[in-house]
file structure04.cif (mmCIF, C-alpha atoms, pLDDT in the B column; chains and numbers go by the auth columns)
data_coords
loop_
_atom_site.group_PDB
_atom_site.id
_atom_site.type_symbol
_atom_site.label_atom_id
_atom_site.label_comp_id
_atom_site.label_asym_id
_atom_site.label_seq_id
_atom_site.Cartn_x
_atom_site.Cartn_y
_atom_site.Cartn_z
_atom_site.B_iso_or_equiv
_atom_site.auth_seq_id
_atom_site.auth_asym_id
ATOM 1 C CA MET A 1 -34.839 6.752 13.721 49.00 1 A
ATOM 2 C CA GLN A 2 -33.248 5.035 10.749 50.00 2 A
ATOM 3 C CA LEU A 3 -31.241 1.830 11.145 53.00 3 A
ATOM 4 C CA ILE A 4 -29.215 0.233 8.364 54.00 4 A
ATOM 5 C CA ILE A 5 -29.163 -3.556 8.270 57.00 5 A
ATOM 6 C CA ALA A 6 -26.608 -5.312 6.071 55.00 6 A
ATOM 7 C CA ALA A 7 -28.309 -8.226 4.335 56.00 7 A
ATOM 8 C CA ASP A 8 -27.926 -10.376 1.232 53.00 8 A
ATOM 9 C CA SER A 9 -31.523 -9.985 0.111 62.00 9 A
ATOM 10 C CA THR A 10 -34.792 -8.216 0.870 67.00 10 A
ATOM 11 C CA GLU A 11 -36.147 -11.273 2.652 71.00 11 A
ATOM 12 C CA ASN A 12 -32.927 -11.620 4.645 62.00 12 A
ATOM 13 C CA ALA A 13 -33.248 -7.974 5.764 65.00 13 A
ATOM 14 C CA ARG A 14 -36.844 -8.559 6.892 70.00 14 A
ATOM 15 C CA VAL A 15 -35.856 -11.691 8.869 69.00 15 A
ATOM 16 C CA LYS A 16 -32.929 -9.874 10.524 65.00 16 A
ATOM 17 C CA GLY A 17 -35.238 -7.022 11.410 66.00 17 A
ATOM 18 C CA GLU A 18 -37.861 -9.332 12.929 72.00 18 A
ATOM 19 C CA LEU A 19 -35.205 -11.157 14.976 66.00 19 A
ATOM 20 C CA ASN A 20 -34.280 -7.812 16.528 66.00 20 A
ATOM 21 C CA ASP A 21 -37.904 -6.677 16.993 71.00 21 A
ATOM 22 C CA LEU A 22 -37.562 -4.083 14.226 69.00 22 A
ATOM 23 C CA ALA A 23 -40.041 -3.257 11.489 71.00 23 A
ATOM 24 C CA VAL A 24 -38.342 -3.060 8.103 69.00 24 A
ATOM 25 C CA THR A 25 -40.010 -0.206 6.215 71.00 25 A
ATOM 26 C CA SER A 26 -37.825 -0.105 3.109 67.00 26 A
ATOM 27 C CA VAL A 27 -34.950 -1.976 1.521 63.00 27 A
ATOM 28 C CA THR A 28 -32.351 -0.357 -0.720 58.00 28 A
ATOM 29 C CA PRO A 29 -29.699 -2.532 -2.362 54.00 29 A
ATOM 30 C CA LEU A 30 -26.228 -1.146 -1.619 51.00 30 A
ATOM 31 C CA ASP A 31 -25.034 -1.064 -5.197 46.00 31 A
ATOM 32 C CA THR A 32 -28.045 0.951 -6.361 44.00 32 A
ATOM 33 C CA ALA A 33 -28.600 3.163 -3.320 45.00 33 A
ATOM 34 C CA PRO A 34 -29.426 6.714 -4.386 41.00 34 A
ATOM 35 C CA ILE A 35 -26.582 9.170 -4.115 43.00 35 A
ATOM 36 C CA GLY A 36 -27.767 12.540 -2.893 40.00 36 A
ATOM 37 C CA ALA A 37 -26.298 15.799 -4.115 37.00 37 A
ATOM 38 C CA SER A 38 -24.685 16.337 -0.745 44.00 38 A
ATOM 39 C CA GLN A 39 -23.142 12.879 -0.833 61.00 39 A
ATOM 40 C CA HIS A 40 -21.358 12.804 -4.160 72.00 40 A
ATOM 41 C CA LEU A 41 -17.585 12.653 -4.184 85.00 41 A
ATOM 42 C CA ARG A 42 -15.928 15.823 -5.410 89.00 42 A
ATOM 43 C CA PRO A 43 -12.889 15.809 -7.690 93.00 43 A
ATOM 44 C CA CYS A 44 -9.877 17.923 -6.804 94.00 44 A
ATOM 45 C CA ASN A 45 -6.873 19.420 -8.550 94.00 45 A
ATOM 46 C CA ALA A 46 -3.797 17.346 -7.674 93.00 46 A
ATOM 47 C CA TRP A 47 -1.371 20.172 -8.386 92.00 47 A
ATOM 48 C CA ALA A 48 -3.282 22.592 -6.167 94.00 48 A
ATOM 49 C CA VAL A 49 -3.216 20.054 -3.329 94.00 49 A
ATOM 50 C CA MET A 50 0.536 19.545 -3.854 92.00 50 A
ATOM 51 C CA LEU A 51 1.278 23.277 -3.926 93.00 51 A
ATOM 52 C CA LEU A 52 -0.789 23.978 -0.807 95.00 52 A
ATOM 53 C CA SER A 53 0.826 20.989 0.909 92.00 53 A
ATOM 54 C CA ILE A 54 4.294 22.343 0.196 90.00 54 A
ATOM 55 C CA ILE A 55 3.334 25.822 1.428 95.00 55 A
ATOM 56 C CA THR A 56 1.805 24.429 4.644 94.00 56 A
ATOM 57 C CA LEU A 57 4.548 21.821 5.238 88.00 57 A
ATOM 58 C CA SER A 58 2.173 18.935 4.362 89.00 58 A
ATOM 59 C CA ILE A 59 -0.658 20.012 6.685 92.00 59 A
ATOM 60 C CA TYR A 60 -3.026 20.761 3.787 95.00 60 A
ATOM 61 C CA GLY A 61 -2.342 17.343 2.244 94.00 61 A
ATOM 62 C CA ASP A 62 -2.954 15.646 5.581 94.00 62 A
ATOM 63 C CA ILE A 63 -6.281 17.454 5.962 95.00 63 A
ATOM 64 C CA TRP A 64 -7.253 16.545 2.378 96.00 64 A
ATOM 65 C CA PHE A 65 -6.455 12.885 3.167 96.00 65 A
ATOM 66 C CA TYR A 66 -8.520 12.972 6.371 96.00 66 A
ATOM 67 C CA GLU A 67 -11.533 14.738 4.865 95.00 67 A
ATOM 68 C CA THR A 68 -11.517 12.531 1.752 95.00 68 A
ATOM 69 C CA GLY A 69 -11.364 9.366 3.859 95.00 69 A
ATOM 70 C CA LYS A 70 -14.286 10.638 5.934 93.00 70 A
ATOM 71 C CA SER A 71 -16.250 11.378 2.750 93.00 71 A
ATOM 72 C CA TYR A 72 -15.673 7.778 1.567 93.00 72 A
ATOM 73 C CA ALA A 73 -16.954 6.481 4.909 92.00 73 A
ATOM 74 C CA ARG A 74 -20.030 8.739 4.782 90.00 74 A
ATOM 75 C CA TRP A 75 -20.689 7.815 1.174 87.00 75 A
ATOM 76 C CA MET A 76 -20.613 4.121 2.061 86.00 76 A
ATOM 77 C CA ASN A 77 -22.561 4.647 5.322 84.00 77 A
ATOM 78 C CA ALA A 78 -19.522 3.206 7.108 78.00 78 A
ATOM 79 C CA SER A 79 -18.654 6.141 9.375 76.00 79 A
ATOM 80 C CA ASP A 80 -19.291 4.132 12.539 79.00 80 A
ATOM 81 C CA ASP A 81 -17.328 1.189 11.144 85.00 81 A
ATOM 82 C CA SER A 82 -14.176 3.138 10.248 90.00 82 A
ATOM 83 C CA ASN A 83 -11.219 3.769 12.533 94.00 83 A
ATOM 84 C CA LEU A 84 -9.650 6.253 10.105 95.00 84 A
ATOM 85 C CA PRO A 85 -10.211 9.319 12.337 95.00 85 A
ATOM 86 C CA ALA A 86 -8.439 7.735 15.324 96.00 86 A
ATOM 87 C CA LEU A 87 -5.563 6.415 13.214 97.00 87 A
ATOM 88 C CA PHE A 88 -5.168 9.726 11.423 97.00 88 A
ATOM 89 C CA TRP A 89 -5.005 11.823 14.598 97.00 89 A
ATOM 90 C CA TRP A 90 -2.549 9.397 16.223 97.00 90 A
ATOM 91 C CA TYR A 91 -0.386 9.596 13.091 97.00 91 A
ATOM 92 C CA PHE A 92 -0.606 13.388 13.011 95.00 92 A
ATOM 93 C CA ALA A 93 0.280 13.760 16.713 96.00 93 A
ATOM 94 C CA LEU A 94 3.137 11.244 16.589 97.00 94 A
ATOM 95 C CA SER A 95 4.599 12.870 13.459 94.00 95 A
ATOM 96 C CA LEU A 96 4.361 16.376 14.880 94.00 96 A
ATOM 97 C CA ILE A 97 5.828 15.532 18.273 97.00 97 A
ATOM 98 C CA GLY A 98 8.410 13.219 16.700 95.00 98 A
ATOM 99 C CA GLY A 99 9.518 15.962 14.303 92.00 99 A
ATOM 100 C CA LEU A 100 9.760 18.530 17.089 95.00 100 A
ATOM 101 C CA THR A 101 11.770 16.175 19.312 96.00 101 A
ATOM 102 C CA LEU A 102 13.933 14.688 16.552 92.00 102 A
ATOM 103 C CA PRO A 103 17.255 15.748 18.169 94.00 103 A
ATOM 104 C CA PHE A 104 16.342 13.803 21.297 96.00 104 A
ATOM 105 C CA VAL A 105 16.127 10.029 21.752 94.00 105 A
ATOM 106 C CA ILE A 106 12.334 10.066 21.864 96.00 106 A
ATOM 107 C CA GLY A 107 11.966 11.838 18.483 95.00 107 A
ATOM 108 C CA PRO A 108 13.131 8.985 16.210 95.00 108 A
ATOM 109 C CA LEU A 109 11.059 6.505 18.241 96.00 109 A
ATOM 110 C CA LEU A 110 7.940 8.621 17.796 97.00 110 A
ATOM 111 C CA LEU A 111 8.626 8.916 14.061 95.00 111 A
ATOM 112 C CA ILE A 112 8.905 5.117 13.791 96.00 112 A
ATOM 113 C CA ALA A 113 5.581 4.840 15.622 97.00 113 A
ATOM 114 C CA SER A 114 4.078 7.430 13.262 97.00 114 A
ATOM 115 C CA LEU A 115 5.282 5.359 10.280 97.00 115 A
ATOM 116 C CA VAL A 116 3.451 2.288 11.593 97.00 116 A
ATOM 117 C CA VAL A 117 0.263 4.212 12.403 98.00 117 A
ATOM 118 C CA GLY A 118 0.509 6.039 9.057 97.00 118 A
ATOM 119 C CA VAL A 119 0.579 2.744 7.156 97.00 119 A
ATOM 120 C CA LEU A 120 -2.471 1.609 9.126 97.00 120 A
ATOM 121 C CA ALA A 121 -4.289 4.890 8.369 97.00 121 A
ATOM 122 C CA LEU A 122 -3.429 4.597 4.673 97.00 122 A
ATOM 123 C CA GLY A 123 -4.690 1.005 4.703 97.00 123 A
ATOM 124 C CA GLU A 124 -8.018 2.105 6.184 96.00 124 A
ATOM 125 C CA PHE A 125 -8.276 4.943 3.639 97.00 125 A
ATOM 126 C CA ILE A 126 -7.671 2.453 0.827 97.00 126 A
ATOM 127 C CA ARG A 127 -10.207 0.006 2.290 95.00 127 A
ATOM 128 C CA LEU A 128 -12.861 2.738 2.232 95.00 128 A
ATOM 129 C CA ARG A 129 -11.788 3.858 -1.260 95.00 129 A
ATOM 130 C CA ASP A 130 -12.042 0.273 -2.499 94.00 130 A
ATOM 131 C CA LEU A 131 -15.547 -0.118 -1.036 92.00 131 A
ATOM 132 C CA CYS A 132 -16.585 2.948 -3.046 92.00 132 A
ATOM 133 C CA ALA A 133 -14.868 1.564 -6.152 92.00 133 A
ATOM 134 C CA VAL A 134 -16.678 -1.776 -5.856 91.00 134 A
ATOM 135 C CA ARG A 135 -19.985 0.035 -5.443 88.00 135 A
ATOM 136 C CA LEU A 136 -19.255 2.046 -8.594 89.00 136 A
ATOM 137 C CA GLY A 137 -17.923 -0.975 -10.505 89.00 137 A
ATOM 138 C CA ILE A 138 -14.462 0.501 -11.159 91.00 138 A
ATOM 139 C CA ALA A 139 -12.241 -1.366 -8.672 86.00 139 A
ATOM 140 C CA ASP A 140 -9.891 -2.518 -11.439 88.00 140 A
ATOM 141 C CA GLN A 141 -9.198 1.074 -12.566 91.00 141 A
ATOM 142 C CA LEU A 142 -7.446 2.191 -9.367 95.00 142 A
ATOM 143 C CA THR A 143 -3.854 1.943 -8.170 96.00 143 A
ATOM 144 C CA SER A 144 -3.402 -1.056 -5.895 96.00 144 A
ATOM 145 C CA GLY A 145 -3.241 -0.622 -2.157 95.00 145 A
ATOM 146 C CA THR A 146 0.094 -2.432 -2.101 96.00 146 A
ATOM 147 C CA THR A 147 1.594 0.140 -4.472 97.00 147 A
ATOM 148 C CA HIS A 148 0.307 3.012 -2.339 97.00 148 A
ATOM 149 C CA ARG A 149 1.625 1.498 0.896 97.00 149 A
ATOM 150 C CA ALA A 150 5.027 0.702 -0.631 97.00 150 A
ATOM 151 C CA LEU A 151 5.488 4.181 -2.131 97.00 151 A
ATOM 152 C CA TRP A 152 4.352 5.886 1.053 96.00 152 A
ATOM 153 C CA THR A 153 6.611 3.778 3.297 96.00 153 A
ATOM 154 C CA ILE A 154 9.687 4.252 1.082 97.00 154 A
ATOM 155 C CA GLY A 155 8.957 7.968 0.714 96.00 155 A
ATOM 156 C CA PHE A 156 8.451 8.391 4.460 94.00 156 A
ATOM 157 C CA LEU A 157 11.716 6.613 5.305 94.00 157 A
ATOM 158 C CA LEU A 158 13.727 8.493 2.680 95.00 158 A
ATOM 159 C CA SER A 159 12.173 11.881 3.423 89.00 159 A
ATOM 160 C CA ILE A 160 14.688 12.290 6.241 82.00 160 A
ATOM 161 C CA VAL A 161 17.351 12.727 3.554 86.00 161 A
ATOM 162 C CA VAL A 162 14.933 14.658 1.255 88.00 162 A
ATOM 163 C CA VAL A 163 15.117 11.950 -1.466 92.00 163 A
ATOM 164 C CA GLY A 164 11.751 10.575 -0.363 93.00 164 A
ATOM 165 C CA ILE A 165 9.803 13.772 -0.959 91.00 165 A
ATOM 166 C CA PRO A 166 9.382 13.203 -4.739 93.00 166 A
ATOM 167 C CA ILE A 167 8.248 9.636 -3.966 95.00 167 A
ATOM 168 C CA LEU A 168 5.654 10.941 -1.500 93.00 168 A
ATOM 169 C CA ILE A 169 4.487 13.481 -4.084 93.00 169 A
ATOM 170 C CA ALA A 170 4.143 10.739 -6.731 95.00 170 A
ATOM 171 C CA GLN A 171 2.161 8.560 -4.303 96.00 171 A
ATOM 172 C CA ALA A 172 -0.109 11.486 -3.385 95.00 172 A
ATOM 173 C CA ILE A 173 -0.751 12.275 -7.055 95.00 173 A
ATOM 174 C CA LEU A 174 -1.731 8.626 -7.650 96.00 174 A
ATOM 175 C CA LEU A 175 -4.050 8.757 -4.636 96.00 175 A
ATOM 176 C CA ILE A 176 -5.687 11.953 -5.910 96.00 176 A
ATOM 177 C CA ARG A 177 -5.956 10.516 -9.426 96.00 177 A
ATOM 178 C CA ASP A 178 -7.743 7.477 -7.971 96.00 178 A
ATOM 179 C CA HIS A 179 -10.030 9.791 -5.996 96.00 179 A
ATOM 180 C CA ASN A 180 -10.857 11.820 -9.106 96.00 180 A
ATOM 181 C CA THR A 181 -11.729 8.590 -10.953 95.00 181 A
ATOM 182 C CA LEU A 182 -14.179 7.759 -8.153 94.00 182 A
ATOM 183 C CA ALA A 183 -15.551 11.310 -8.061 93.00 183 A
ATOM 184 C CA HIS A 184 -16.223 11.431 -11.801 93.00 184 A
ATOM 185 C CA ARG A 185 -17.879 8.013 -11.735 90.00 185 A
ATOM 186 C CA SER A 186 -20.004 8.918 -8.698 86.00 186 A
ATOM 187 C CA SER A 187 -21.275 12.057 -10.419 84.00 187 A
ATOM 188 C CA GLN A 188 -22.162 9.990 -13.502 80.00 188 A
ATOM 189 C CA SER A 189 -24.003 7.494 -11.283 68.00 189 A
ATOM 190 C CA ARG A 190 -25.928 10.325 -9.642 58.00 190 A
ATOM 191 C CA LEU A 191 -26.986 11.706 -13.023 50.00 191 A
ATOM 192 C CA ASP A 192 -27.629 8.332 -14.694 50.00 192 A
ATOM 193 C CA PRO A 193 -28.809 5.617 -12.282 47.00 193 A
ATOM 194 C CA ASN A 194 -28.620 2.907 -14.973 46.00 194 A
#
call {"tool": "encode", "arguments": {"input": "structure04.cif", "output": "structure tokens"}}
result
Amino acid sequence: MQLIIAADSTENARVKGELNDLAVTSVTPLDTAPIGASQHLRPCNAWAVMLLSIITLSIYGDIWFYETGKSYARWMNASDDSNLPALFWWYFALSLIGGLTLPFVIGPLLLIASLVVGVLALGEFIRLRDLCAVRLGIADQLTSGTTHRALWTIGFLLSIVVVGIPILIAQAILLIRDHNTLAHRSSQSRLDPN
């Protein structure tokens, strides 16, 4: 069984291990941990994601968001620490049921709840993305989380009158562009560990 201990130094990891009656067999600094071929981040074509999202009424884009967030968590060994899956599925369910019941009183209330949960899910996605960016040393090259949350919130609210859809598309393209920046850098790190 392998256990990951977060520590500031090799000695700190050994002390933490001994305090918990664990034998520390190896120590790998987080910023230089090897990236396996199965763990690298894969770039994607933003326009293909947009087209498939339009065809599937945003379902493809939602799945891309979910799977990409999970890949960030796996890449950072933070899968157990992330609440992205729960937030995403709550958002998805609230949006779906809210959209189907929109003519009734409950529909708008569910959509408001989905907005709140959606912002939380986006925040968790960005937190995981930023952890990857710090590890790769490119945090300053990505669109800020505040910009993403603002564009998504405005787009979500205005999508009821269709005006928000181009805003949501612009926000998604920025998110995919940021992801592709991470993916290209991660593949360079895998090929050149220095």
call {"tool": "closest_residue", "arguments": {"input": "structure04.cif", "among": "A:Met50, A:Val119, A:Thr25, A:Asp140", "to": "Pro166 of chain A", "atoms": "all atoms listed in the file"}}
result
A:Met50
call {"tool": "resolve_selection", "arguments": {"input": "structure04.cif", "expression": "the PyMOL selection byres ((chain A and resi 169-184) around 9)", "output": "PyMOL selection string"}}
result
chain A and resi 40-47+49-50+61+68+129+132-133+136+138+141-143+147-149+151-152+155+164-168+185-189
call {"tool": "resolve_selection", "arguments": {"input": "structure04.cif", "expression": "the PyMOL selection byres ((chain A and resi 65) around 10)", "output": "number ranges by chain"}}
result
A: 59-64, 66-71, 88, 121-122, 125, 172, 175-176
call {"tool": "residues_near_point", "arguments": {"input": "structure04.cif", "point": "(-3.4, 2.2, 16.1)", "cutoff": "9 Å", "atoms": "only C-alpha atoms", "output": "list in words"}}
result
Asn83, Ala86, Leu87, Trp90, Tyr91, Val116, Val117, Gly118, Leu120 and Ala121 of chain A
call {"tool": "closest_residue", "arguments": {"input": "structure04.cif", "among": "A:Ile112, A:Val134, A:Ile126, A:Ala73", "to": "Thr153 of chain A", "atoms": "all atoms listed in the file"}}
result
A:Ile112
call {"tool": "atom_distance", "arguments": {"input": "structure04.cif", "atom1": "atom CA of Phe156 of chain A", "atom2": "atom CA of Trp89 of chain A"}}
result
17.2 Å
call {"tool": "residues_around", "arguments": {"input": "structure04.cif", "residues": "Gly99 of chain A", "least_positions_apart": "2", "cutoff": "12 Å", "atoms": "only C-alpha atoms", "output": "PyMOL selection string"}}
result
chain A and resi 57+91-97+101-114+159-160
call {"tool": "atom_distance", "arguments": {"input": "structure04.cif", "atom1": "atom CA of Leu128 of chain A", "atom2": "atom CA of Ala23 of chain A"}}
result
29.3 Å
call {"tool": "axis_aligned_box", "arguments": {"input": "structure04.cif", "around": "segment 61-66 of chain A", "padding_each_side": "5 Å", "output": "lines of an AutoDock Vina configuration file"}}
result
center_x = -5.4
center_y = 15.2
center_z = 4.3
size_x = 16.2
size_y = 14.6
size_z = 14.1
call {"tool": "atom_distance", "arguments": {"input": "structure04.cif", "atom1": "atom CA of Asn77 of chain A", "atom2": "atom CA of Arg14 of chain A"}}
result
19.5 Å
